[in-house]
Amino acid sequence: MNKPLRRIAIFCGLLVLALLIRDNWLQYLKADSLRTDSDNRRVAIERYANPRGDIIVDGDPITGSVESKSGDFKYKRTYKDGSMWAPVTGYSSQAFDSSQLEKINDGILTGNDDRLFFRNTLDMITGKPKQGGDVVTTLNAAAQKAAFNGLKSRGGKGAVVALEPSTGKILALASYPSYDPSSFAGNSTDVDSKNWTKLQKKNNPADPMLNRALRETYPPGSTFKVVTAAAALENGKYTSADEPTDSPQPWTMPGTHTELKNEGSIRCKNVDMREALRISCNTVFGKIGSDLGSDKMLEEAKKFGFDAEQFTPIRSNASVFSDNMNQSQTALSSIGQYNTAATPLQMAMVASAVANDGKLMKPYMVDELRSSNLDPVEKTEPKEMSRPLSPENAQILQDMMETVVKQGTGTRAQIGGGVTVGGKTGTAQHGVANSENPYAWFISYAKLSDGSSPVAVAVVIEDESANRDDISGGGLAAPIAKNVMEAVISSKK
């Protein structure tokens with residue numbers, strides 16, 4: 001072979017070798033990433049080629065699938081009471097992807113999860129079409145309905161979270177205003193895109209797609225005094241609910257010329273913690289926080305879950321209690337103001353830990369993942385998260401919170417029939433120099449005659465249209481919490 005032909009042959013051989021290397025790289029090394037690439041339309045077509053599995057509440061599906069009327073996506077998602085369940089389900093949209101449980105558990109719901117391989121193989125052999133699995137939640141339908149309707153009746157904004165203290169199961173997770181995921185589940189430019197656009201915050205200041213139960217942090221106001229009381233007990237500053245406190249009135253915050261004010265004309269000088277929680281004394285709990293100091297208060301707040309994101313499995317924003325604060329800043333933070341901010345989930349966790357004799361369980365909303373033939377794929381087991389309180393101190397704090405409901409600011413949460421309710425109201429300042437309407441809070445738990453506690457609740461209300469003087473945790477939020485607790489208790493009978 002002459003030299004030019006040899007060079008051409010070598011060059012062609014190198015081209016073939018490069019082609020083989022490229023082909024193998026694409027087929028073996030890049031195959032999985034290409035298969036799952038969001039820009040690969042075949043992936044999306046496959047995703048909607050079969051009905052999705054369902055999200056289950058109390059044994060019944062709250063989702064479904066119907067055949068699309070046009071396009072190459074065969075099935076689209078439907079939702080039962082979509083607005084009520086949207087903070088739980090999220091959405092699954094042919095045009096706008098998915099979110100929350102729909103996104104996190106997409107593999108199970110579409111049937112593409114590797115854990116469904118045996119089921120899918122068996123269906124293929126028997127000729128059955130591919131089927132998605134189900135996501136079985138911990139939610140209580142009656143509690144969710146009570147929470148959502150309670151928020152809706154207020155007409156403003158707000159959120160409710162209810163937990164089962166002994167396990168951490170989320171029983172209700174409501175946010176208002178909300179949206180119907182069915183309204184943009186398809187791929188229609190005229191309908192789905194228009195509905196999606198209307199829901200975006202820039203077009204809708206109410207921001208209905210914001211999950212306020214998990215993704216919004218609010219100043220918790222006086223509900224945080226429960227954490228401060230826990231810190232006082234755990235650090236031995238006070239050892240009982242009825243021990244007089246060292247609480248002058250008026251009290252000037254250290255390093256300032258500013259007096260910490262109490263609401264109205266309540267008398268808080270040297271009252272015990274039970275009375276201070278009952279009438280909600282800022283001076284008492286502000287001074288407790290200041291005396292304990294930033295480090296001890298932060299340590300106790302972290303035991304309740306502050307300063308860490310929670311995964312339910314939907315991510316919840318981290319609630320905030322700052323570090324390295326001076327005494328006056330710590331005082332304000334200890335009554336739920338200054339930089340302190342909490343999600344409704346976080347404050348439900350506070351009430352839950354107190355109700356569960358000081359043991360905080362990790363909150364979760366997915367009880368089980370299962371295949372289409374109901375075989376379990378994954379089961380969530382309750383998990384202890386921390387111990388913010390000793391059992392003895394938790395019982396002291398329960399006694400204090402029960403006094404709040406029996407004869408304090410939370411009387412509208414009382415439930416008859418031998419049910420004992422413990423709670424704490426809060427009215428949190430909002431806006432520059434408290435210029436905007438405050439947030440109304442209520443946290444609580446219900447205790448049955450046998451001593452068990454089936455539910456703990458947190459409610460927050462934003463109501464810009466209400467008369468400022470009419471806004472209170474006891475007036476706006478407590479009745480909603482009561483209805484949620486009653487719904488859970490009734491469902492247990």
# chains A, B, ... in the order shown; residues from 1 in each chain; ligands from 1
$ residues_around --residues "range 169-178 of chain A" --least-positions-apart "3" --cutoff "9 Å" --atoms "only C-alpha atoms" --output "ChimeraX atom specification"
/A:82-88,137-148,151-152,155-166,206-214,312,345,361-367,382,455,457,484,488
$ residues_around --residues "range 61-72 of chain A" --least-positions-apart "5" --cutoff "10 Å" --atoms "only C-alpha atoms" --output "PyMOL selection string"
chain A and resi 41-42+44-46+48-56+77-82+85+89+134-136+141+182+186-188
$ closest_residue --among "A:Ala95, A:Ile288, A:Leu109, A:Ala341" --to "Lys194 in chain A" --atoms "only C-alpha atoms"
A:Ala95
$ select_by_dssp --residues "range 239-484 of chain A" --states "strand (DSSP E)" --output "count of residues only"
53
$ closest_residue --among "A:Glu486, A:Glu216, A:Asp246, A:Glu263" --to "Lys287 in chain A" --atoms "only C-alpha atoms"
A:Asp246
$ select_by_dssp --residues "range 196-228 of chain A" --states "helix (DSSP H, G or I)" --output "VMD selection string"
chain A and resid 196 to 199 212 to 215 221 to 228
$ closest_residue --among "A:Thr330, A:Arg370, A:Val405, A:Tyr91" --to "Leu116 in chain A" --atoms "only C-alpha atoms"
A:Arg370
$ residues_around --residues "Asn112 in chain A" --least-positions-apart "2" --cutoff "10 Å" --atoms "only C-alpha atoms" --output "list in words"
Glu46, Arg47, Asp106, Gly107, Ile108, Leu109, Thr110, Asp114, Arg115, Leu116, Phe117, Asn120, Lys130, Gln131, Gly132 and Gly133 of chain A
$ write_last_selection --atoms "C-alpha atoms" --output "PDB file, in the first residue's frame"
ATOM      1  CA  GLU A  46     -43.715   8.239  28.816  1.00  0.00           C
ATOM      2  CA  ARG A  47     -44.449   9.958  32.121  1.00  0.00           C
ATOM      3  CA  ASP A 106     -42.933  10.886  41.055  1.00  0.00           C
ATOM      4  CA  GLY A 107     -41.102   7.585  40.550  1.00  0.00           C
ATOM      5  CA  ILE A 108     -43.636   5.671  42.624  1.00  0.00           C
ATOM      6  CA  LEU A 109     -46.634   7.444  41.105  1.00  0.00           C
ATOM      7  CA  THR A 110     -45.487   6.891  37.510  1.00  0.00           C
ATOM      8  CA  ASP A 114     -36.542   0.933  40.656  1.00  0.00           C
ATOM      9  CA  ARG A 115     -38.307  -0.592  43.666  1.00  0.00           C
ATOM     10  CA  LEU A 116     -41.252  -1.412  41.387  1.00  0.00           C
ATOM     11  CA  PHE A 117     -39.078  -3.398  38.954  1.00  0.00           C
ATOM     12  CA  ASN A 120     -43.471  -4.001  36.387  1.00  0.00           C
ATOM     13  CA  LYS A 130     -47.717  -0.344  33.443  1.00  0.00           C
ATOM     14  CA  GLN A 131     -49.273   1.025  36.645  1.00  0.00           C
ATOM     15  CA  GLY A 132     -48.072   3.562  39.153  1.00  0.00           C
ATOM     16  CA  GLY A 133     -47.967   2.973  42.882  1.00  0.00           C
TER      17      GLY A 133
END
$ residues_around --residues "Gly90 in chain A" --least-positions-apart "4" --cutoff "8 Å" --atoms "only C-alpha atoms" --output "JSON, numbers by chain"
{"A": [85, 86, 98, 99, 100, 101, 102, 103, 181]}
$ write_last_selection --atoms "C-alpha atoms" --output "JSON list (two decimals), in the first residue's frame"
[["chain", "number", "residue", "atom", "x", "y", "z"],
["A", 85, "TRP", "CA", -55.27, 19.48, 49.51],
["A", 86, "ALA", "CA", -52.84, 21.52, 47.39],
["A", 98, "SER", "CA", -44.70, 18.98, 39.44],
["A", 99, "SER", "CA", -44.17, 19.89, 43.08],
["A", 100, "GLN", "CA", -44.36, 18.59, 46.65],
["A", 101, "LEU", "CA", -45.59, 14.99, 47.08],
["A", 102, "GLU", "CA", -46.28, 14.76, 43.34],
["A", 103, "LYS", "CA", -42.64, 15.67, 42.65],
["A", 181, "PRO", "CA", -53.92, 22.01, 40.73]]
$ closest_residue --among "A:Pro344, A:Pro313, A:Lys269, A:Glu368" --to "Val57 in chain A" --atoms "only C-alpha atoms"
A:Glu368
$ closest_residue --among "A:Asp450, A:Ser390, A:Ala353, A:Arg274" --to "Gly418 in chain A" --atoms "only C-alpha atoms"
A:Asp450
$ residues_around --residues "Gln329 in chain A" --least-positions-apart "4" --cutoff "8 Å" --atoms "only C-alpha atoms" --output "PyMOL selection string"
chain A and resi 325+333+338
$ write_last_selection --atoms "C-alpha atoms" --output "tab-separated table (two decimals), in the first residue's frame"
chain	number	residue	atom	x	y	z
A	325	MET	CA	-27.84	38.68	70.86
A	333	SER	CA	-36.82	37.42	70.99
A	338	TYR	CA	-37.25	40.92	67.16
